[in-house]
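Engineer: Mind looking over this structure? Questions follow.
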Amino acid sequence: LKKIVEKYSLSENEFVYIGDDINDLESLEFAKYKLTVEHAPLKIKQIQGIQVIQAPAGNGAFREVADCLTN
């Protein structure tokens with residue numbers, strides 16, 4: 001994630017990170033805007049500033065986020 005942000009010279013306000021497992025931990029901690037799903041491990045849901053969305057992964061979670069970004 002850091003390489004992508006640097007490559008495209010993105011500010012912290014220009015990207016969102018969505019993750020739901022331990023392998024996403026570093027990226028979620030790096031991102032200003034971060035989201036996860038309800039079934040994510042507790043360690044993920046306890047990251048400071050993370051938003052937990054209601055739709056389950058693979059069943060509308062990305063749509064829920066996209067709808068929020070376009071409204």
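Within each chain, counting starts at residue 1; across the structure tokens, chains are named A, B, ... in the order shown, with ligands numbered 1 upward in that order.
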Among the residues of range 21-64 of chain A, find those DSSP assigns to strand (DSSP E or B) from the backbone and print them as an MDAnalysis selection string.
Structural biologist: chainID A and resid 33:37 51:53
Engineer: DSSP on the backbone, then: every residue of chain A marked alpha helix (DSSP H), written as a ChimeraX atom specification.
Structural biologist: /A:2-7,25-30,42-45,61-70
Engineer: Which value, in Å to one decimal, gives the distance between CA of Ile50 in chain A and CA of Lys3 in chain A?
Structural biologist: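 Computed distance, CA of Ile50 in chain A to CA of Lys3 in chain A, equals 21.5 Å.
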Engineer: Pick out the residues sitting within 7 Å of Ala31 in chain A, and hand them over as a list in words; count only C-alpha atoms, and ignore anything fewer than 2 positions along from it in its own chain.
Structural biologist: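 Residues meeting the cut-off are Glu12, Val16, Tyr17, Ser27, Leu28, Glu29, Tyr33 and Lys34 of chain A.
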Engineer: I'd like the neighbourhood of Phe62 in chain A as a ChimeraX atom specification, where a residue qualifies if any of its atoms comes within 12 Å (using only C-alpha atoms), though same-chain residues fewer than 6 positions away should be ignored.
Structural biologist: /A:16-20,35-37,53-56,68-69
Engineer: Any chance you could export the current selection's N, CA and C atoms as a PDB file, in the first residue's frame?
Structural biologist:
ATOM      1  N   VAL A  16      -8.839   4.857   0.340  1.00  0.00           N
ATOM      2  CA  VAL A  16      -9.526   4.116   1.395  1.00  0.00           C
ATOM      3  C   VAL A  16      -8.963   2.709   1.379  1.00  0.00           C
ATOM      4  N   TYR A  17      -8.795   2.109   2.542  1.00  0.00           N
ATOM      5  CA  TYR A  17      -8.340   0.716   2.597  1.00  0.00           C
ATOM      6  C   TYR A  17      -9.427  -0.119   3.268  1.00  0.00           C
ATOM      7  N   ILE A  18      -9.779  -1.212   2.619  1.00  0.00           N
ATOM      8  CA  ILE A  18     -10.758  -2.152   3.156  1.00  0.00           C
ATOM      9  C   ILE A  18     -10.048  -3.478   3.390  1.00  0.00           C
ATOM     10  N   GLY A  19     -10.088  -3.970   4.598  1.00  0.00           N
ATOM     11  CA  GLY A  19      -9.432  -5.236   4.913  1.00  0.00           C
ATOM     12  C   GLY A  19     -10.162  -5.954   6.029  1.00  0.00           C
ATOM     13  N   ASP A  20     -10.001  -7.273   6.058  1.00  0.00           N
ATOM     14  CA  ASP A  20     -10.752  -8.028   7.056  1.00  0.00           C
ATOM     15  C   ASP A  20      -9.961  -9.135   7.744  1.00  0.00           C
ATOM     16  N   LEU A  35     -11.724   0.511   6.670  1.00  0.00           N
ATOM     17  CA  LEU A  35     -12.989  -0.179   6.909  1.00  0.00           C
ATOM     18  C   LEU A  35     -12.762  -1.678   7.005  1.00  0.00           C
ATOM     19  N   THR A  36     -13.637  -2.319   7.752  1.00  0.00           N
ATOM     20  CA  THR A  36     -13.622  -3.775   7.843  1.00  0.00           C
ATOM     21  C   THR A  36     -15.059  -4.263   7.971  1.00  0.00           C
ATOM     22  N   VAL A  37     -15.218  -5.561   7.972  1.00  0.00           N
ATOM     23  CA  VAL A  37     -16.547  -6.174   8.092  1.00  0.00           C
ATOM     24  C   VAL A  37     -16.727  -6.749   9.488  1.00  0.00           C
ATOM     25  N   ILE A  53     -18.391  -2.084   8.724  1.00  0.00           N
ATOM     26  CA  ILE A  53     -19.591  -2.031   7.898  1.00  0.00           C
ATOM     27  C   ILE A  53     -20.450  -3.262   8.173  1.00  0.00           C
ATOM     28  N   GLN A  54     -21.734  -3.140   7.881  1.00  0.00           N
ATOM     29  CA  GLN A  54     -22.693  -4.183   8.246  1.00  0.00           C
ATOM     30  C   GLN A  54     -22.760  -5.341   7.263  1.00  0.00           C
ATOM     31  N   ALA A  55     -22.622  -5.077   5.979  1.00  0.00           N
ATOM     32  CA  ALA A  55     -22.731  -6.145   4.983  1.00  0.00           C
ATOM     33  C   ALA A  55     -21.544  -7.106   5.113  1.00  0.00           C
ATOM     34  N   PRO A  56     -21.780  -8.397   4.962  1.00  0.00           N
ATOM     35  CA  PRO A  56     -20.680  -9.359   5.061  1.00  0.00           C
ATOM     36  C   PRO A  56     -19.780  -9.339   3.825  1.00  0.00           C
ATOM     37  N   CYS A  68     -21.485   4.643  -0.154  1.00  0.00           N
ATOM     38  CA  CYS A  68     -21.142   5.735   0.759  1.00  0.00           C
ATOM     39  C   CYS A  68     -20.218   6.747   0.101  1.00  0.00           C
ATOM     40  N   LEU A  69     -19.295   6.270  -0.731  1.00  0.00           N
ATOM     41  CA  LEU A  69     -18.337   7.158  -1.370  1.00  0.00           C
ATOM     42  C   LEU A  69     -18.967   7.990  -2.475  1.00  0.00           C
TER      43      LEU A  69
END
